[in-house]
file model_29.cif (mmCIF, C-alpha atoms)
data_start
loop_
_atom_site.label_atom_id
_atom_site.label_comp_id
_atom_site.auth_asym_id
_atom_site.auth_seq_id
_atom_site.Cartn_x
_atom_site.Cartn_y
_atom_site.Cartn_z
CA MET A 333 -22.90 -51.09 6.94
CA GLN A 334 -24.24 -47.55 6.78
CA LYS A 335 -20.76 -46.35 5.87
CA ARG A 336 -20.52 -48.86 3.05
CA THR A 337 -23.77 -47.68 1.43
CA THR A 338 -22.56 -44.10 1.65
CA GLU A 339 -19.32 -44.97 -0.09
CA ILE A 340 -21.11 -46.94 -2.80
CA ALA A 341 -23.48 -44.02 -3.41
CA VAL A 342 -20.54 -41.60 -3.70
CA GLY A 343 -18.85 -44.03 -6.07
CA PHE A 344 -21.94 -44.10 -8.28
CA PHE A 345 -22.10 -40.32 -8.16
CA PHE A 346 -18.54 -40.01 -9.49
CA LEU A 347 -19.16 -42.74 -12.08
CA LEU A 348 -22.17 -40.82 -13.36
CA GLY A 349 -20.06 -37.65 -13.50
CA ILE A 350 -17.37 -39.42 -15.52
CA LEU A 351 -20.00 -40.85 -17.86
CA ALA A 352 -21.50 -37.39 -18.35
CA PHE A 353 -18.05 -36.00 -19.10
CA ALA A 354 -17.37 -38.75 -21.62
CA MET A 355 -20.74 -38.10 -23.27
CA LEU A 356 -20.03 -34.36 -23.50
CA ALA A 357 -16.53 -34.93 -24.87
CA MET A 358 -17.41 -37.59 -27.41
CA GLN A 359 -21.01 -37.10 -28.40
CA VAL A 360 -21.38 -33.35 -28.06
CA SER A 361 -18.00 -31.88 -28.94
CA GLY A 362 -16.76 -34.74 -31.11
CA ILE A 363 -13.25 -34.50 -29.69
CA SER A 364 -11.90 -36.95 -32.26
CA LYS A 365 -12.23 -34.37 -35.02
CA ILE A 366 -9.76 -32.00 -33.39
CA TYR A 367 -6.38 -31.93 -35.06
CA THR A 368 -3.42 -31.78 -32.79
CA LEU A 369 -1.58 -28.99 -34.48
CA LYS A 370 1.86 -30.28 -33.46
CA GLU A 371 1.90 -33.23 -35.82
CA GLY A 372 1.63 -31.37 -39.09
CA TYR A 373 3.55 -29.20 -41.46
CA LYS A 374 3.03 -25.50 -41.91
CA ILE A 375 2.42 -23.70 -45.18
CA THR A 376 1.35 -20.14 -45.89
CA ALA A 377 -1.08 -18.75 -48.44
CA ASP A 378 -1.74 -15.19 -49.61
CA PHE A 379 -5.29 -14.01 -50.14
CA GLU A 380 -6.66 -10.77 -51.59
CA ASN A 381 -9.58 -10.83 -49.19
CA ILE A 382 -10.20 -13.32 -46.43
CA GLY A 383 -13.79 -12.28 -45.69
CA GLY A 384 -14.77 -13.77 -42.34
CA LEU A 385 -12.03 -16.41 -42.09
CA LYS A 386 -10.89 -16.96 -38.52
CA PRO A 387 -7.98 -18.81 -36.89
CA ARG A 388 -8.87 -22.46 -36.22
CA ALA A 389 -11.05 -22.60 -39.34
CA ARG A 390 -10.73 -25.93 -41.13
CA VAL A 391 -8.80 -26.59 -44.32
CA THR A 392 -10.34 -29.14 -46.65
CA ILE A 393 -9.52 -31.14 -49.76
CA ALA A 394 -12.59 -32.54 -51.54
CA GLY A 395 -14.62 -31.46 -48.51
CA VAL A 396 -12.61 -33.54 -46.02
CA ALA A 397 -10.83 -31.63 -43.24
CA VAL A 398 -7.06 -32.11 -43.52
CA GLY A 399 -5.78 -29.15 -41.50
CA ARG A 400 -6.42 -25.95 -39.60
CA VAL A 401 -5.78 -22.25 -40.00
CA VAL A 402 -3.36 -21.25 -37.24
CA ALA A 403 -2.70 -17.56 -37.88
CA ILE A 404 -3.85 -14.72 -40.11
CA ASN A 405 -1.54 -11.74 -40.66
CA TYR A 406 -1.51 -8.72 -42.93
CA ASP A 407 1.43 -8.41 -45.31
CA PRO A 408 2.00 -4.65 -45.80
CA LYS A 409 4.42 -5.15 -48.71
CA ASP A 410 1.98 -6.82 -51.09
CA TYR A 411 -1.27 -5.61 -49.47
CA VAL A 412 -2.52 -9.16 -48.99
CA ALA A 413 -3.57 -11.34 -46.08
CA ARG A 414 -1.05 -14.04 -45.20
CA VAL A 415 -2.78 -17.14 -43.77
CA SER A 416 -0.72 -19.79 -41.98
CA ILE A 417 -2.09 -23.30 -42.29
CA VAL A 418 -1.07 -26.52 -40.57
CA ILE A 419 -1.72 -29.64 -42.65
CA ASP A 420 -1.90 -33.14 -41.23
CA ASN A 421 1.35 -35.10 -41.73
CA LYS A 422 -0.61 -37.96 -43.25
CA VAL A 423 -1.57 -35.72 -46.19
CA ASN A 424 1.92 -35.24 -47.64
CA ASN A 425 1.23 -35.32 -51.37
CA ILE A 426 -0.40 -31.98 -52.12
CA PRO A 427 0.98 -30.76 -55.50
CA ASP A 428 2.74 -27.41 -55.35
CA ASP A 429 0.45 -25.85 -57.97
CA THR A 430 -2.58 -26.44 -55.77
CA SER A 431 -4.98 -23.52 -55.57
CA ALA A 432 -6.72 -22.39 -52.39
CA SER A 433 -10.07 -20.67 -52.10
CA ILE A 434 -12.08 -19.37 -49.19
CA LEU A 435 -15.50 -20.98 -49.11
CA THR A 436 -18.58 -20.65 -46.93
CA SER A 437 -20.35 -23.65 -45.45
CA GLY A 438 -24.00 -23.12 -46.23
CA LEU A 439 -25.52 -19.74 -46.87
CA LEU A 440 -24.58 -18.14 -43.56
CA GLY A 441 -22.05 -20.62 -42.19
CA ASP A 442 -18.41 -20.26 -41.22
CA ASN A 443 -15.64 -19.58 -43.72
CA TYR A 444 -13.13 -22.31 -44.42
CA ILE A 445 -10.33 -22.94 -46.91
CA GLY A 446 -10.78 -25.41 -49.75
CA LEU A 447 -7.70 -26.71 -51.55
CA SER A 448 -8.06 -27.99 -55.12
CA PRO A 449 -5.02 -30.11 -56.02
CA GLY A 450 -3.07 -29.33 -59.21
CA PHE A 451 -1.02 -31.64 -61.41
CA SER A 452 2.56 -30.91 -60.38
CA GLU A 453 4.94 -33.70 -59.36
CA GLN A 454 6.44 -31.53 -56.61
CA PHE A 455 4.66 -31.59 -53.27
CA TYR A 456 4.17 -28.97 -50.58
CA LYS A 457 6.40 -29.31 -47.56
CA GLU A 458 7.13 -27.37 -44.36
CA GLY A 459 7.37 -23.66 -45.14
CA SER A 460 5.86 -23.80 -48.65
CA HIS A 461 3.95 -20.80 -49.90
CA ILE A 462 0.83 -20.47 -52.05
CA PRO A 463 1.16 -17.20 -54.02
CA VAL A 464 -1.79 -14.86 -54.42
CA GLU A 465 -2.21 -15.87 -58.10
CA ASN A 466 -3.16 -19.38 -57.00
CA THR A 467 -5.78 -18.30 -54.48
CA SER A 468 -9.27 -16.96 -54.90
CA LYS A 469 -10.63 -14.50 -52.42
CA ALA A 470 -13.65 -14.95 -50.21
CA VAL A 471 -17.05 -14.34 -51.72
CA VAL A 472 -18.46 -11.30 -49.99
CA LEU A 473 -22.24 -11.41 -50.05
CA GLU A 474 -22.61 -7.62 -50.33
CA GLU A 475 -20.43 -7.53 -53.46
CA LEU A 476 -22.51 -10.27 -55.04
CA VAL A 477 -25.74 -8.46 -54.25
CA SER A 478 -24.51 -5.14 -55.61
CA LYS A 479 -23.21 -6.86 -58.77
CA PHE A 480 -26.55 -8.56 -59.23
CA LEU A 481 -28.45 -5.32 -58.67
CA SER A 482 -26.33 -3.36 -61.14
CA SER A 483 -26.69 -6.09 -63.78
CA GLN A 484 -30.44 -6.02 -63.26
CA ALA A 485 -30.41 -2.24 -63.63
CA SER A 486 -28.43 -2.36 -66.89
CA GLY A 487 -30.81 -5.05 -68.19
CA LEU A 488 -33.74 -2.69 -67.73
CA LYS A 489 -32.39 -0.12 -70.12
CA MET B 38 -24.31 15.56 5.12
CA LEU B 39 -21.38 14.70 7.31
CA SER B 40 -23.21 11.75 8.79
CA ALA B 41 -23.98 10.47 5.28
CA ILE B 42 -20.25 10.51 4.52
CA GLN B 43 -19.61 8.87 7.87
CA SER B 44 -22.02 6.02 7.12
CA LEU B 45 -20.41 5.61 3.69
CA GLY B 46 -17.01 5.36 5.36
CA ARG B 47 -18.34 2.92 7.94
CA SER B 48 -19.81 0.61 5.32
CA GLY B 49 -16.53 0.83 3.40
CA ILE B 50 -14.55 -0.19 6.47
CA GLU B 51 -17.05 -2.96 7.23
CA PHE B 52 -16.77 -4.23 3.68
CA CYS B 53 -12.95 -4.40 3.85
CA ASP B 54 -13.19 -5.95 7.30
CA ASN B 55 -15.58 -8.63 6.04
CA ALA B 56 -13.55 -9.31 2.92
CA GLY B 57 -10.41 -9.77 4.99
CA LYS B 58 -12.20 -11.98 7.52
CA THR B 59 -13.73 -14.24 4.88
CA THR B 60 -10.41 -14.60 3.07
CA LEU B 61 -8.56 -15.44 6.27
CA PHE B 62 -11.34 -17.88 7.15
CA LEU B 63 -11.04 -19.65 3.80
CA MET B 64 -7.26 -19.72 4.11
CA HIS B 65 -7.51 -21.35 7.53
CA ALA B 66 -9.95 -23.94 6.26
CA LEU B 67 -7.71 -24.74 3.29
CA ILE B 68 -4.47 -24.79 5.24
CA ALA B 69 -6.13 -27.40 7.44
CA ARG B 70 -4.25 -29.95 5.38
CA PRO B 71 -5.77 -33.30 4.52
CA GLN B 72 -4.36 -36.05 6.73
CA GLY B 73 -4.54 -39.00 4.41
CA LEU B 74 -7.15 -41.62 5.19
CA LYS B 75 -8.56 -39.76 8.16
CA SER B 76 -9.69 -36.72 6.20
CA PHE B 77 -10.92 -39.00 3.42
CA ARG B 78 -13.17 -40.67 5.97
CA LEU B 79 -14.52 -37.23 6.89
CA LEU B 80 -14.97 -36.25 3.25
CA VAL B 81 -17.04 -39.22 2.04
CA PRO B 82 -20.15 -38.58 4.19
CA GLN B 83 -20.03 -34.93 3.16
CA LEU B 84 -19.81 -35.90 -0.52
CA TYR B 85 -22.87 -38.04 0.09
CA MET B 86 -24.78 -35.20 1.79
CA VAL B 87 -23.75 -32.50 -0.66
CA GLY B 88 -23.33 -34.37 -3.92
CA VAL B 89 -25.37 -37.55 -4.01
CA LEU B 90 -28.46 -36.09 -2.36
CA SER B 91 -28.43 -33.13 -4.78
CA MET B 92 -28.42 -35.47 -7.74
CA ILE B 93 -32.20 -35.99 -7.93
CA ILE B 94 -33.03 -32.28 -8.21
CA ILE B 95 -30.17 -31.78 -10.68
CA ILE B 96 -31.26 -34.63 -12.94
CA VAL B 97 -34.96 -33.78 -12.89
CA SER B 98 -34.48 -30.05 -13.50
CA GLY B 99 -31.83 -30.76 -16.15
CA LEU B 100 -34.24 -32.98 -18.03
CA PHE B 101 -36.98 -30.37 -17.95
CA ILE B 102 -34.70 -27.48 -18.90
CA GLY B 103 -33.42 -29.46 -21.89
CA MET B 104 -36.96 -30.34 -22.95
CA VAL B 105 -38.15 -26.75 -22.66
CA LEU B 106 -35.12 -25.53 -24.64
CA GLY B 107 -35.93 -28.11 -27.29
CA LEU B 108 -39.55 -26.97 -27.57
CA GLN B 109 -38.83 -23.24 -27.51
CA GLY B 110 -35.87 -23.51 -29.85
CA TYR B 111 -37.85 -25.61 -32.29
CA THR B 112 -40.80 -23.22 -32.53
CA ILE B 113 -38.45 -20.32 -33.30
CA LEU B 114 -35.99 -22.14 -35.57
CA VAL B 115 -38.71 -23.80 -37.65
CA LYS B 116 -39.83 -20.33 -38.78
CA PHE B 117 -36.47 -19.90 -40.52
CA GLY B 118 -36.40 -23.47 -41.75
CA ALA B 119 -33.35 -24.04 -39.59
CA GLU B 120 -34.64 -26.68 -37.19
CA GLN B 121 -31.47 -28.73 -37.86
CA ALA B 122 -29.58 -26.15 -35.79
CA LEU B 123 -31.58 -27.22 -32.72
CA GLY B 124 -28.77 -29.46 -31.45
CA GLN B 125 -26.31 -26.62 -31.73
CA LEU B 126 -28.62 -24.24 -29.88
CA ILE B 127 -29.27 -26.63 -27.01
CA ALA B 128 -25.67 -27.79 -26.65
CA LEU B 129 -24.06 -24.35 -26.78
CA SER B 130 -26.50 -22.69 -24.40
CA MET B 131 -26.32 -25.60 -21.95
CA VAL B 132 -22.55 -26.14 -22.01
CA ARG B 133 -21.56 -22.48 -21.92
CA GLU B 134 -24.16 -20.84 -19.70
CA LEU B 135 -27.18 -22.68 -18.40
CA GLY B 136 -25.31 -25.75 -17.16
CA PRO B 137 -22.84 -24.02 -14.84
CA VAL B 138 -25.16 -21.17 -13.78
CA VAL B 139 -28.45 -23.00 -13.18
CA GLY B 140 -26.48 -25.87 -11.66
CA ALA B 141 -24.84 -23.48 -9.21
CA LEU B 142 -28.17 -21.80 -8.37
CA LEU B 143 -29.84 -25.15 -7.66
CA PHE B 144 -26.79 -26.25 -5.70
CA ALA B 145 -26.91 -23.08 -3.58
CA GLY B 146 -30.56 -23.71 -2.79
CA ARG B 147 -30.21 -27.42 -2.14
CA ALA B 148 -26.76 -27.91 -0.61
CA GLY B 149 -25.50 -24.43 0.35
CA SER B 150 -28.47 -23.69 2.61
CA ALA B 151 -28.15 -27.14 4.23
CA ILE B 152 -24.45 -26.57 4.97
CA THR B 153 -25.17 -23.17 6.53
CA ALA B 154 -28.03 -24.47 8.65
CA GLU B 155 -26.02 -27.47 9.82
CA ILE B 156 -22.94 -25.48 10.82
CA GLY B 157 -25.13 -22.75 12.32
CA LEU B 158 -26.96 -25.27 14.51
CA MET B 159 -23.62 -26.76 15.56
CA LYS B 160 -22.62 -23.30 16.65
CA VAL B 161 -25.89 -22.58 18.48
CA THR B 162 -25.68 -25.86 20.40
CA GLU B 163 -22.04 -25.03 21.16
CA GLN B 164 -20.70 -28.16 19.48
CA LEU B 165 -18.04 -26.05 17.79
CA SER B 166 -16.79 -24.52 21.06
CA SER B 167 -16.80 -27.92 22.78
CA MET B 168 -14.67 -29.26 19.91
CA GLU B 169 -12.21 -26.48 20.58
CA MET B 170 -12.23 -27.38 24.27
CA LEU B 171 -11.37 -30.96 23.34
CA GLY B 172 -8.47 -29.72 21.28
CA VAL B 173 -10.11 -30.53 17.91
CA ASP B 174 -9.87 -27.79 15.33
CA PRO B 175 -13.44 -27.17 14.06
CA LEU B 176 -12.06 -25.61 10.90
CA ARG B 177 -10.32 -28.87 10.10
CA ARG B 178 -12.98 -31.19 11.42
CA VAL B 179 -16.18 -29.44 10.26
CA ILE B 180 -15.46 -26.70 7.74
CA ALA B 181 -12.74 -28.16 5.51
CA PRO B 182 -14.56 -31.43 4.57
CA ARG B 183 -17.73 -29.50 3.72
CA PHE B 184 -15.82 -26.98 1.64
CA TRP B 185 -13.99 -29.65 -0.33
CA ALA B 186 -17.15 -31.71 -0.75
CA GLY B 187 -18.94 -28.73 -2.30
CA GLN B 188 -15.94 -27.84 -4.43
CA ILE B 189 -15.73 -31.37 -5.84
CA SER B 190 -19.48 -31.99 -6.13
CA LEU B 191 -20.58 -28.95 -8.10
CA PRO B 192 -18.47 -29.61 -11.24
CA VAL B 193 -19.60 -33.26 -11.24
CA LEU B 194 -23.23 -32.21 -10.78
CA THR B 195 -22.85 -29.64 -13.57
CA LEU B 196 -21.55 -32.30 -15.95
CA ILE B 197 -24.49 -34.57 -15.12
CA PHE B 198 -26.92 -31.64 -15.43
CA THR B 199 -25.61 -30.65 -18.87
CA ALA B 200 -25.56 -34.19 -20.22
CA VAL B 201 -29.10 -34.88 -19.00
CA ALA B 202 -30.37 -31.59 -20.43
CA ILE B 203 -28.90 -32.32 -23.85
CA TYR B 204 -30.55 -35.72 -23.73
CA GLY B 205 -33.86 -34.03 -22.80
CA GLY B 206 -33.51 -31.72 -25.78
CA TYR B 207 -32.77 -34.72 -27.96
CA VAL B 208 -35.90 -36.52 -26.76
CA VAL B 209 -38.15 -33.55 -27.50
CA GLY B 210 -36.45 -32.37 -30.70
CA VAL B 211 -35.72 -35.68 -32.42
CA GLN B 212 -38.13 -38.22 -30.96
CA TRP B 213 -41.14 -35.97 -30.61
CA LEU B 214 -40.88 -33.03 -33.03
CA GLY B 215 -39.09 -34.97 -35.75
CA VAL B 216 -35.84 -33.09 -36.28
CA ASP B 217 -33.45 -35.24 -38.31
CA GLU B 218 -31.30 -37.23 -35.89
CA GLY B 219 -28.13 -37.15 -37.97
CA SER B 220 -28.09 -33.41 -38.50
CA PHE B 221 -29.05 -32.81 -34.85
CA TRP B 222 -25.84 -34.48 -33.62
CA ALA B 223 -23.64 -33.42 -36.55
CA ASN B 224 -24.49 -29.72 -36.17
CA MET B 225 -23.89 -30.01 -32.45
CA ARG B 226 -20.50 -31.63 -32.95
CA ASN B 227 -19.45 -29.09 -35.56
CA SER B 228 -20.21 -26.10 -33.39
CA VAL B 229 -19.18 -27.28 -29.92
CA ASP B 230 -15.45 -27.15 -29.30
CA PHE B 231 -13.94 -29.22 -26.51
CA ARG B 232 -11.41 -26.66 -25.26
CA GLU B 233 -13.47 -23.51 -25.91
CA ASP B 234 -16.85 -24.67 -24.68
CA ILE B 235 -16.69 -27.74 -22.48
CA VAL B 236 -13.46 -26.97 -20.61
CA ASN B 237 -14.56 -23.36 -20.11
CA GLY B 238 -17.89 -24.60 -18.74
CA ILE B 239 -16.04 -26.82 -16.26
CA ILE B 240 -13.80 -23.90 -15.22
CA LYS B 241 -16.95 -21.85 -14.60
CA SER B 242 -18.46 -24.54 -12.40
CA LEU B 243 -15.19 -24.84 -10.43
CA VAL B 244 -15.30 -21.10 -9.71
CA PHE B 245 -18.99 -21.24 -8.77
CA GLY B 246 -18.30 -24.23 -6.53
CA THR B 247 -15.71 -22.22 -4.61
CA LEU B 248 -18.03 -19.21 -4.33
CA VAL B 249 -21.14 -21.06 -3.20
CA THR B 250 -19.51 -23.34 -0.63
CA TRP B 251 -17.29 -20.56 0.66
CA ILE B 252 -20.29 -18.33 1.29
CA ALA B 253 -22.24 -21.25 2.79
CA VAL B 254 -19.58 -22.31 5.33
CA TYR B 255 -18.71 -18.73 6.23
CA GLN B 256 -22.34 -17.77 6.85
CA GLY B 257 -22.84 -20.85 8.98
CA TYR B 258 -19.65 -20.34 10.97
CA THR B 259 -20.32 -16.65 11.74
CA CYS B 260 -24.09 -16.70 12.21
CA PRO B 261 -25.44 -15.18 15.44
CA PRO B 262 -26.12 -18.08 17.85
CA THR B 263 -29.90 -17.74 17.87
CA ALA B 264 -32.74 -19.47 16.07
CA GLU B 265 -33.39 -16.25 14.17
CA GLY B 266 -29.70 -15.97 13.32
CA ILE B 267 -29.66 -19.38 11.64
CA GLY B 268 -32.70 -18.45 9.57
CA LYS B 269 -31.13 -15.20 8.45
CA ALA B 270 -27.78 -16.83 7.71
CA THR B 271 -29.47 -19.48 5.57
CA THR B 272 -31.36 -16.85 3.60
CA ARG B 273 -28.18 -14.83 3.17
CA THR B 274 -26.35 -17.90 1.86
CA VAL B 275 -28.90 -18.45 -0.89
CA VAL B 276 -29.18 -14.77 -1.80
CA PHE B 277 -25.46 -13.97 -1.72
CA SER B 278 -24.35 -17.08 -3.54
CA SER B 279 -27.00 -16.63 -6.27
CA LEU B 280 -25.94 -13.01 -6.79
CA ALA B 281 -22.25 -13.88 -6.66
CA THR B 282 -22.78 -16.68 -9.18
CA LEU B 283 -24.63 -14.46 -11.65
CA GLY B 284 -22.18 -11.57 -11.27
CA MET B 285 -19.14 -13.82 -11.56
CA ASP B 286 -20.71 -15.50 -14.59
CA PHE B 287 -20.79 -12.19 -16.42
CA ILE B 288 -17.10 -11.57 -15.66
CA LEU B 289 -16.09 -15.10 -16.67
CA THR B 290 -18.14 -14.95 -19.87
CA ALA B 291 -16.57 -11.62 -20.77
CA ILE B 292 -13.10 -13.11 -20.27
CA MET B 293 -13.82 -16.42 -22.02
CA PHE B 294 -16.13 -15.50 -24.89
CA GLY B 295 -15.94 -11.70 -24.98
CA GLY B 296 -13.35 -11.65 -27.74
CA PHE B 297 -10.71 -9.80 -25.73
CA ASN B 298 -8.02 -12.30 -26.64
#
call {"tool": "encode", "arguments": {"input": "model_29.cif", "output": "structure tokens"}}
result
Amino acid sequence: MQKRTTEIAVGFFFLLGILAFAMLAMQVSGISKIYTLKEGYKITADFENIGGLKPRARVTIAGVAVGRVVAINYDPKDYVARVSIVIDNKVNNIPDDTSASILTSGLLGDNYIGLSPGFSEQFYKEGSHIPVENTSKAVVLEELVSKFLSSQASGLK
Amino acid sequence: MLSAIQSLGRSGIEFCDNAGKTTLFLMHALIARPQGLKSFRLLVPQLYMVGVLSMIIIIVSGLFIGMVLGLQGYTILVKFGAEQALGQLIALSMVRELGPVVGALLFAGRAGSAITAEIGLMKVTEQLSSMEMLGVDPLRRVIAPRFWAGQISLPVLTLIFTAVAIYGGYVVGVQWLGVDEGSFWANMRNSVDFREDIVNGIIKSLVFGTLVTWIAVYQGYTCPPTAEGIGKATTRTVVFSSLATLGMDFILTAIMFGGFN
């Protein structure tokens, strides 16, 4: 009898551990939002300045996450940053004149890529490339501040 | 001068000697292979002693740590108008650091000292040597189940601790101080990553589990067979495993979150 109670108590202990794990995985980390990078197609985009963009940053259309940044490299030929993106296979109708911009979530939040779809009938597929003309660089706060300050200074004259 | 160098050399040799002995000891305990149902029957009571009985202290202290984090975080964040980030603050600090570390410290105090005292008393009353006389390997019969029980229990306890603490922070932040519930959870979910944060936290607690139970069983097995010896060995268990946990935590954090990769 004593043995049975012990085993039941240990069983409850493990059950509680599994419940805690499930709570951490679902409620705290929101595991469902993670994209499995395998089931997607890869495109690249050139940017003049990526600001604070990091690998694993999200890629959005109309604010909804549709992909992830997988790699960021420097292209020494054109002096631009080449960002590799994996897009969810379900989103397979992005026009090939779509423009990409690096945005910031909130005032001090993380950088992410926003895609604004164009009007072309051709769609992006594996290996497509967004040229630097179709991208806008990250907004660097210091540049904005210095622009604002110099415009204020010229207004004073 | 020469004697100073001599004592340095002696402590160096003693250190290597101890390190080798402890490693061999652990190896012996681990090589004592599980024998199916028989070793399972030995493991369950140890899981009860080490895991289930530690649950009360883990749950109560987890609740209070989460509540204190909620209060402290709120009073600071509200100055910047950023009290929505409270969930993020509580979840990240619990999952990455406080959960594994404080869990391991509590575990060392609650279960590690008990293991040392129990094995030490077995040694003083010569139960271990009589087992050897009967042809029963004390490493297999006494040490291995306790080691595995600690190794399995600490990660489970850490998970419970972290979950309870986040709930405690939720109670204080949302129910009491009035942080918006939706943004509390949404901010938490956006900033906590399953692989980066939760899996790394579990890896940390696995490492701490090895350290704490290893130190506990070794101190018990090698303690001098006197009443005073047991007392000293128990103290050493708590002190060494706390220090080892904190030191190892720095190394693990540097590897996991230090940005070397």
call {"tool": "resolve_selection", "arguments": {"input": "model_29.cif", "expression": "the PyMOL selection byres ((chain B) within 6 of (chain A))", "output": "list in words"}}
result
Tyr85, Val89, Val193, Leu196, Ile197, Ala200, Arg226, Val229, Asp230 and Phe231 of chain B
call {"tool": "residues_around", "arguments": {"input": "model_29.cif", "residues": "Lys269 (chain B)", "least_positions_apart": "6", "cutoff": "12 Å", "atoms": "only C-alpha atoms", "output": "list in words"}}
result
Ser150, Thr153, Ala154, Gly157, Gln256, Gly257, Thr259, Cys260, Pro261, Pro262, Thr263, Val275, Val276 and Phe277 of chain B
call {"tool": "residues_near_point", "arguments": {"input": "model_29.cif", "point": "(-13.4, -17.0, -49.9)", "cutoff": "8 Å", "atoms": "all atoms listed in the file", "output": "ChimeraX atom specification"}}
result
/A:381-383,385,433-436,443-445,468-472
call {"tool": "write_last_selection", "arguments": {"input": "model_29.cif", "atoms": "C-alpha atoms", "output": "short mmCIF file (atom, residue, chain, number, x, y, z; two decimals), keeping the file's coordinate frame"}}
result
data_model
loop_
_atom_site.label_atom_id
_atom_site.label_comp_id
_atom_site.auth_asym_id
_atom_site.auth_seq_id
_atom_site.Cartn_x
_atom_site.Cartn_y
_atom_site.Cartn_z
CA ASN A 381 -9.58 -10.83 -49.19
CA ILE A 382 -10.20 -13.32 -46.43
CA GLY A 383 -13.79 -12.28 -45.69
CA LEU A 385 -12.03 -16.41 -42.09
CA SER A 433 -10.07 -20.67 -52.10
CA ILE A 434 -12.08 -19.37 -49.19
CA LEU A 435 -15.50 -20.98 -49.11
CA THR A 436 -18.58 -20.65 -46.93
CA ASN A 443 -15.64 -19.58 -43.72
CA TYR A 444 -13.13 -22.31 -44.42
CA ILE A 445 -10.33 -22.94 -46.91
CA SER A 468 -9.27 -16.96 -54.90
CA LYS A 469 -10.63 -14.50 -52.42
CA ALA A 470 -13.65 -14.95 -50.21
CA VAL A 471 -17.05 -14.34 -51.72
CA VAL A 472 -18.46 -11.30 -49.99
#
call {"tool": "atom_distance", "arguments": {"input": "model_29.cif", "atom1": "CA of Phe198 (chain B)", "atom2": "CA of Phe221 (chain B)"}}
result
19.6 Å
call {"tool": "atom_distance", "arguments": {"input": "model_29.cif", "atom1": "CA of Ile375 (chain A)", "atom2": "CA of Asn425 (chain A)"}}
result
13.2 Å
call {"tool": "atom_distance", "arguments": {"input": "model_29.cif", "atom1": "CA of Ile404 (chain A)", "atom2": "CA of Ser416 (chain A)"}}
result
6.2 Å
call {"tool": "resolve_selection", "arguments": {"input": "model_29.cif", "expression": "the PyMOL selection byres ((chain A and resi 418) around 8)", "output": "PyMOL selection string"}}
result
chain A and resi 369+372-375+399-402+416-417+419-420
call {"tool": "write_last_selection", "arguments": {"input": "model_29.cif", "atoms": "C-alpha atoms", "output": "JSON list (two decimals), keeping the file's coordinate frame"}}
result
[["chain", "number", "residue", "atom", "x", "y", "z"],
["A", 369, "LEU", "CA", -1.58, -28.99, -34.48],
["A", 372, "GLY", "CA", 1.63, -31.37, -39.09],
["A", 373, "TYR", "CA", 3.55, -29.20, -41.46],
["A", 374, "LYS", "CA", 3.03, -25.50, -41.91],
["A", 375, "ILE", "CA", 2.42, -23.70, -45.18],
["A", 399, "GLY", "CA", -5.78, -29.15, -41.50],
["A", 400, "ARG", "CA", -6.42, -25.95, -39.60],
["A", 401, "VAL", "CA", -5.78, -22.25, -40.00],
["A", 402, "VAL", "CA", -3.36, -21.25, -37.24],
["A", 416, "SER", "CA", -0.72, -19.79, -41.98],
["A", 417, "ILE", "CA", -2.09, -23.30, -42.29],
["A", 419, "ILE", "CA", -1.72, -29.64, -42.65],
["A", 420, "ASP", "CA", -1.90, -33.14, -41.23]]
call {"tool": "resolve_selection", "arguments": {"input": "model_29.cif", "expression": "the PyMOL selection byres ((chain B and resi 240-249) around 8)", "output": "list in words"}}
result
Pro137, Val138, Ala141, Ala145, Gly149, Phe184, Gly187, Gln188, Ile189, Ser190, Leu191, Pro192, Thr195, Val236, Asn237, Gly238, Ile239, Thr250, Trp251, Ile252, Ala253, Thr274, Ser278, Ser279, Ala281, Thr282, Met285, Asp286 and Leu289 of chain B
call {"tool": "residues_around", "arguments": {"input": "model_29.cif", "residues": "Ile94 (chain B)", "least_positions_apart": "3", "cutoff": "10 Å", "atoms": "all atoms listed in the file", "output": "PyMOL selection string"}}
result
chain B and resi 90-91+97-100+140+143-144+147+198
call {"tool": "closest_residue", "arguments": {"input": "model_29.cif", "among": "A:Val477, A:Arg388, A:Ala377, A:Ser431", "to": "Glu233 (chain B)", "atoms": "all atoms listed in the file"}}
result
A:Arg388
call {"tool": "residues_around", "arguments": {"input": "model_29.cif", "residues": "Pro449 (chain A)", "least_positions_apart": "2", "cutoff": "8 Å", "atoms": "all atoms listed in the file", "output": "MDAnalysis selection string"}}
result
chainID A and resid 393 426:427 429:431 447 451
call {"tool": "closest_residue", "arguments": {"input": "model_29.cif", "among": "A:Glu380, A:Ser437, A:Glu371, A:Gly446", "to": "Thr392 (chain A)", "atoms": "only C-alpha atoms"}}
result
A:Gly446
call {"tool": "closest_residue", "arguments": {"input": "model_29.cif", "among": "B:Ala186, B:Ala151, B:Ile113, B:Ala291", "to": "Leu79 (chain B)", "atoms": "all atoms listed in the file"}}
result
B:Ala186
call {"tool": "residues_around", "arguments": {"input": "model_29.cif", "residues": "Leu67 (chain B)", "least_positions_apart": "6", "cutoff": "9 Å", "atoms": "all atoms listed in the file", "output": "ChimeraX atom specification"}}
result
/B:176-177,181,184-185
